[in-house]
Amino acid sequence: MDDLRDASDAALVVAIGRWREDALAEAYRRHAGAAFGLACRLLNDRSVAEEVLQEVFLRLWNRPERFDAERGSLRSYLLAQTHGRSVDILRSDTSRRRREERDARESPAVSDDIEREVVDMTVAEQVKGAVAALPTDEREAVELAYFGGHTYRQVAVLLGAPEGTVKSRIRSGLRRMRSELVEMGVGEPWLTS
Amino acid sequence: MAHELTHAEASELLGVYALDALDADERDAVELHLVGCVLCRAEVMEHVEVAGLLASGLAGPPAAVWDRIAEDLVGTPPPLDLAPIHALRRAPPVPRRVGTGTGPVSSDELAERRSRDRGRGRGVRIGALVAAATIAASVIGVLGVKVIDDGRRIDNIAAGTPREQLDRTIHAAMADPTAVRVDMRSPDGAIFAEAWVLPDGRGYLARNNLPILGPDRNYQMWAVVGGNKISVGVLGSTPEAAAFVASGPVAALAITAETAGGVVSTLQQPVVVGLLTRA
């Protein structure tokens with residue numbers, strides 16, 4: 001059996017499509033940490049986050065053809081799956097009620113959360129720098145949408161800003177972060193290609 | 001049904017779309033736009049990549065999660081020569097695709113997918129859905145379009161067209177409401193190939209997980225018309241995407257594994273086969 005440690009994402013997924021469990025294990029080794037951390041951050045519930053993680057990787061096993069290497073990295077695909085599923089859960093009736101209660105108790109101003117969460121890896125440090133370079137209003141909007149799992153309409157309410165403004169802040173924030181990361185020389189090929 | 005956005009309207013929503021921060025109706029509208037807009041798809045991809053980097057450095061997963069995943073992994077690759085075609089013809093249709101795969105999924109869609117997912121390698125799909133074959137059979141042949149009946153198309157239809165151009169054409173076909181999706185499956189459902197056929201007979205092989213063949217063998221696609229298998233072309237040994245013509249009262253599409261170069265008629269059992277059904 002060939003070593004998959006150096007295999008590209010596309011090669012890994014092809015191997016997964018051939019029912020190679022070691023390929024899925026390698027994908028898990030590479031990306032499960034970020035996916036689980038994201039689900040935990042969104043759901044604030046480790047057991048539910050574990051279920052989401054399990055679901056995402058079993059979906060990769062069962063439907064590997066849904067990953068298209070030409071549309072981005074496996075990592076971003078898995079994180080998008082994780083984020084989407086977590087948000088689905090968050091927006092379910094029960095979770096929504098629970099979160100509304102939580103939101104009523106907490107301030108929406110959480111502008112430093114991204115910086116606190118993103119630690120202990122070289123890339124994470126670079127991302128932290130890119131996040132820090134964002135204007136506060138953009139950073140808040142991105143954070144509330146991505147880590148808070150809120151829709152942009154909800155973010156607008158939380159920040160007391162017009163919906164159109166929030167849409168623009170999020171889009172420009174993501175673009176600004178990308179530019180910063182490219183300038184910092186983040187080695188992810190999908191950012192620099 | 002999602003309303004159609006202008007490019008400018010869709011562009012404004014790409015950032016929030018990438019962060020799953022849209023309501024369902026707007027998300028559907030963006031996804032509809034993305035099907036036909038290369039620029040917006042590229043921008044979404046960039047946003048998704050950046051968003052993914054935000055998760056860098058978060059906590060690692062407990063080892064027990066992998067153990068649970070490993071316990072759920074089932075299935076081994078089936079042999080290429082599978083069950084007879086009459087068994088394949090009882091294979092149920094798979095519902096028309098519901099989403100682009102690039103964005104968030106609804107709970108219902110996820111549940112439906114998971115239900116199908118669990119069938120991989122377990123052979124439960126056919127048994128559970130045989131009744132659907134009756135419905136599928138009732139719509140066989142409803143595409144009353146012209147037949148190409150030479151039966152001798154053994155040119156390589158997977159070659160020639162630049163992949164990017166072919167992808168654009170396939171995406172356009174997938175977005176065409178008149179297109180029919182054909183889900184070709186092996187008897188156990190483990191091997192699949194997805195094709196889209198337009199009313200004028202133009203068809204496109206899209207996603208598939210056909211096993212790679214040796215250098216002396218090629219896949220070949222067939223249109224089943226009136227009980228006869230008419231070749232629509234050779235796909236090569238590692239088919240990814242291809243354009244073909246499958247006109248006539250086509251009941252089904254099938255793919256066989258043949259000797260390199262293709263054959264004008266086949267004695268092989270199909271690797272995958274799927275009925276033409278309307279959603």
# chains A, B, ... in the order shown; residues from 1 in each chain; ligands from 1

call {"tool": "residues_around", "arguments": {"residues": "Val65 of chain B", "least_positions_apart": "4", "cutoff": "12 Å", "atoms": "only C-alpha atoms", "output": "tab-separated table (two decimals) with N, CA and C atoms, in the first residue's frame"}}
result
chain	number	residue	atom	x	y	z
A	25	ALA	N	-8.62	7.96	6.59
A	25	ALA	CA	-7.91	8.23	7.84
A	25	ALA	C	-6.91	9.38	7.66
A	28	TYR	N	-8.76	12.55	7.54
A	28	TYR	CA	-9.18	12.87	8.92
A	28	TYR	C	-8.00	13.45	9.71
A	29	ARG	N	-6.84	12.82	9.54
A	29	ARG	CA	-5.65	13.31	10.25
A	29	ARG	C	-5.35	14.76	9.88
A	32	ALA	N	-9.51	16.95	10.35
A	32	ALA	CA	-10.58	16.78	11.35
A	32	ALA	C	-10.43	17.77	12.50
A	33	GLY	N	-9.19	18.14	12.82
A	33	GLY	CA	-9.00	19.07	13.94
A	33	GLY	C	-9.69	20.39	13.69
A	36	PHE	N	-13.54	19.90	13.59
A	36	PHE	CA	-14.14	19.71	14.92
A	36	PHE	C	-14.10	21.02	15.71
A	46	ARG	N	-19.77	19.80	22.59
A	46	ARG	CA	-18.80	18.85	22.04
A	46	ARG	C	-19.47	17.59	21.48
A	47	SER	N	-20.49	17.12	22.15
A	47	SER	CA	-21.10	15.87	21.68
A	47	SER	C	-21.79	16.08	20.33
A	48	VAL	N	-22.47	17.20	20.18
A	48	VAL	CA	-23.11	17.48	18.89
A	48	VAL	C	-22.04	17.73	17.82
A	49	ALA	N	-20.97	18.41	18.22
A	49	ALA	CA	-19.87	18.66	17.27
A	49	ALA	C	-19.26	17.34	16.80
A	50	GLU	N	-19.15	16.39	17.71
A	50	GLU	CA	-18.63	15.08	17.33
A	50	GLU	C	-19.54	14.41	16.31
A	51	GLU	N	-20.84	14.56	16.51
A	51	GLU	CA	-21.78	13.96	15.56
A	51	GLU	C	-21.65	14.61	14.18
A	52	VAL	N	-21.47	15.92	14.18
A	52	VAL	CA	-21.30	16.63	12.92
A	52	VAL	C	-20.03	16.15	12.22
A	53	LEU	N	-18.96	16.03	12.98
A	53	LEU	CA	-17.68	15.59	12.41
A	53	LEU	C	-17.83	14.20	11.80
A	54	GLN	N	-18.46	13.32	12.55
A	54	GLN	CA	-18.68	11.96	12.07
A	54	GLN	C	-19.49	11.97	10.77
A	55	GLU	N	-20.51	12.79	10.77
A	55	GLU	CA	-21.39	12.90	9.60
A	55	GLU	C	-20.62	13.41	8.38
A	56	VAL	N	-19.80	14.42	8.59
A	56	VAL	CA	-19.07	15.02	7.47
A	56	VAL	C	-18.09	14.02	6.86
A	57	PHE	N	-17.38	13.29	7.70
A	57	PHE	CA	-16.40	12.35	7.15
A	57	PHE	C	-17.07	11.10	6.56
A	58	LEU	N	-18.18	10.70	7.12
A	58	LEU	CA	-18.90	9.58	6.51
A	58	LEU	C	-19.50	10.00	5.17
B	60	GLY	N	-8.32	19.91	18.44
B	60	GLY	CA	-8.36	18.66	17.69
B	60	GLY	C	-9.50	17.78	18.16
B	61	PRO	N	-9.89	16.83	17.32
B	61	PRO	CA	-11.02	15.97	17.68
B	61	PRO	C	-10.60	14.82	18.60
B	69	ILE	N	-16.28	6.50	13.32
B	69	ILE	CA	-16.32	6.60	11.85
B	69	ILE	C	-15.86	5.29	11.23
B	70	ALA	N	-14.73	4.76	11.74
B	70	ALA	CA	-14.17	3.53	11.17
B	70	ALA	C	-15.16	2.37	11.30
B	71	GLU	N	-15.90	2.36	12.37
B	71	GLU	CA	-16.89	1.29	12.55
B	71	GLU	C	-17.98	1.35	11.49
B	72	ASP	N	-18.24	2.54	11.00
B	72	ASP	CA	-19.32	2.71	10.03
B	72	ASP	C	-18.88	2.53	8.59

call {"tool": "residues_around", "arguments": {"residues": "segment 25-32 of chain B", "least_positions_apart": "2", "cutoff": "6 Å", "atoms": "only C-alpha atoms", "output": "ChimeraX atom specification"}}
result
/B:2-3,10,22-23,34-35

call {"tool": "write_last_selection", "arguments": {"atoms": "C-alpha atoms", "output": "PDB file, in the first residue's frame"}}
result
ATOM      1  CA  ALA B   2     -35.665  30.549  -6.424  1.00  0.00           C
ATOM      2  CA  HIS B   3     -35.970  33.841  -8.277  1.00  0.00           C
ATOM      3  CA  ALA B  10     -25.706  37.891  -6.812  1.00  0.00           C
ATOM      4  CA  LEU B  22     -28.114  33.583   3.904  1.00  0.00           C
ATOM      5  CA  ASP B  23     -31.708  32.611   4.384  1.00  0.00           C
ATOM      6  CA  LEU B  34     -23.734  30.177  -9.655  1.00  0.00           C
ATOM      7  CA  VAL B  35     -24.661  27.400 -12.039  1.00  0.00           C
TER       8      VAL B  35
END

call {"tool": "closest_residue", "arguments": {"among": "B:Arg163, B:His33, B:Arg168, B:Arg68", "to": "chain A", "atoms": "only C-alpha atoms"}}
result
B:Arg68

call {"tool": "residues_around", "arguments": {"residues": "segment 159-175 of chain A", "least_positions_apart": "4", "cutoff": "12 Å", "atoms": "only C-alpha atoms", "output": "ChimeraX atom specification"}}
result
/A:107-111,127,130-146,150-155,179-182,191 /B:9-22,43-54

call {"tool": "closest_residue", "arguments": {"among": "A:Ala69, A:Ala39, A:Met177, A:Ala27", "to": "Ala10 of chain A", "atoms": "only C-alpha atoms"}}
result
A:Ala69

call {"tool": "select_by_dssp", "arguments": {"residues": "segment 203-233 of chain B", "states": "strand (DSSP E)", "output": "list in words"}}
result
Gly203, Tyr204, Leu205, Ala206, Arg207, Asn208, Arg217, Asn218, Tyr219, Gln220, Met221, Trp222, Ala223, Val224, Val225, Asn228, Lys229, Ile230, Ser231, Val232 and Gly233 of chain B

call {"tool": "write_last_selection", "arguments": {"atoms": "C-alpha atoms", "output": "mmCIF file, in the first residue's frame"}}
result
data_model
loop_
_atom_site.group_PDB
_atom_site.id
_atom_site.type_symbol
_atom_site.label_atom_id
_atom_site.label_comp_id
_atom_site.auth_asym_id
_atom_site.auth_seq_id
_atom_site.Cartn_x
_atom_site.Cartn_y
_atom_site.Cartn_z
ATOM 1 C CA GLY B 203 -25.993 14.211 -23.604
ATOM 2 C CA TYR B 204 -23.179 14.652 -21.139
ATOM 3 C CA LEU B 205 -21.437 12.263 -18.835
ATOM 4 C CA ALA B 206 -20.739 14.149 -15.625
ATOM 5 C CA ARG B 207 -19.603 12.743 -12.296
ATOM 6 C CA ASN B 208 -18.783 9.089 -11.908
ATOM 7 C CA ARG B 217 -9.616 -1.847 -21.815
ATOM 8 C CA ASN B 218 -11.967 1.071 -22.285
ATOM 9 C CA TYR B 219 -15.376 2.049 -21.088
ATOM 10 C CA GLN B 220 -18.041 2.381 -23.736
ATOM 11 C CA MET B 221 -21.429 4.039 -23.404
ATOM 12 C CA TRP B 222 -24.622 2.623 -24.860
ATOM 13 C CA ALA B 223 -28.123 3.894 -25.378
ATOM 14 C CA VAL B 224 -30.746 1.219 -24.855
ATOM 15 C CA VAL B 225 -33.363 1.686 -27.567
ATOM 16 C CA ASN B 228 -31.018 -2.894 -28.331
ATOM 17 C CA LYS B 229 -27.818 -1.367 -27.074
ATOM 18 C CA ILE B 230 -26.613 1.301 -29.484
ATOM 19 C CA SER B 231 -23.100 2.593 -28.935
ATOM 20 C CA VAL B 232 -22.803 6.318 -28.346
ATOM 21 C CA GLY B 233 -19.042 6.282 -27.994
#

call {"tool": "atom_distance", "arguments": {"atom1": "atom CA of Ala252 of chain B", "atom2": "atom CA of Ala15 of chain A"}}
result
29.4 Å

call {"tool": "atom_distance", "arguments": {"atom1": "atom CA of Met174 of chain B", "atom2": "atom CA of Ala80 of chain A"}}
result
22.6 Å

call {"tool": "atom_distance", "arguments": {"atom1": "atom CA of Ala23 of chain A", "atom2": "atom CA of Leu4 of chain A"}}
result
6.6 Å

call {"tool": "select_by_dssp", "arguments": {"residues": "segment 3-190 of chain A", "states": "alpha helix (DSSP H)", "output": "ChimeraX atom specification"}}
result
/A:9-17,21-43,46-62,74-90,93-105,113-117,122-132,136-146,152-159,163-184,189-190

call {"tool": "closest_residue", "arguments": {"among": "A:Ala11, A:Leu43, A:Leu158, A:Val123", "to": "chain B", "atoms": "only C-alpha atoms"}}
result
A:Val123
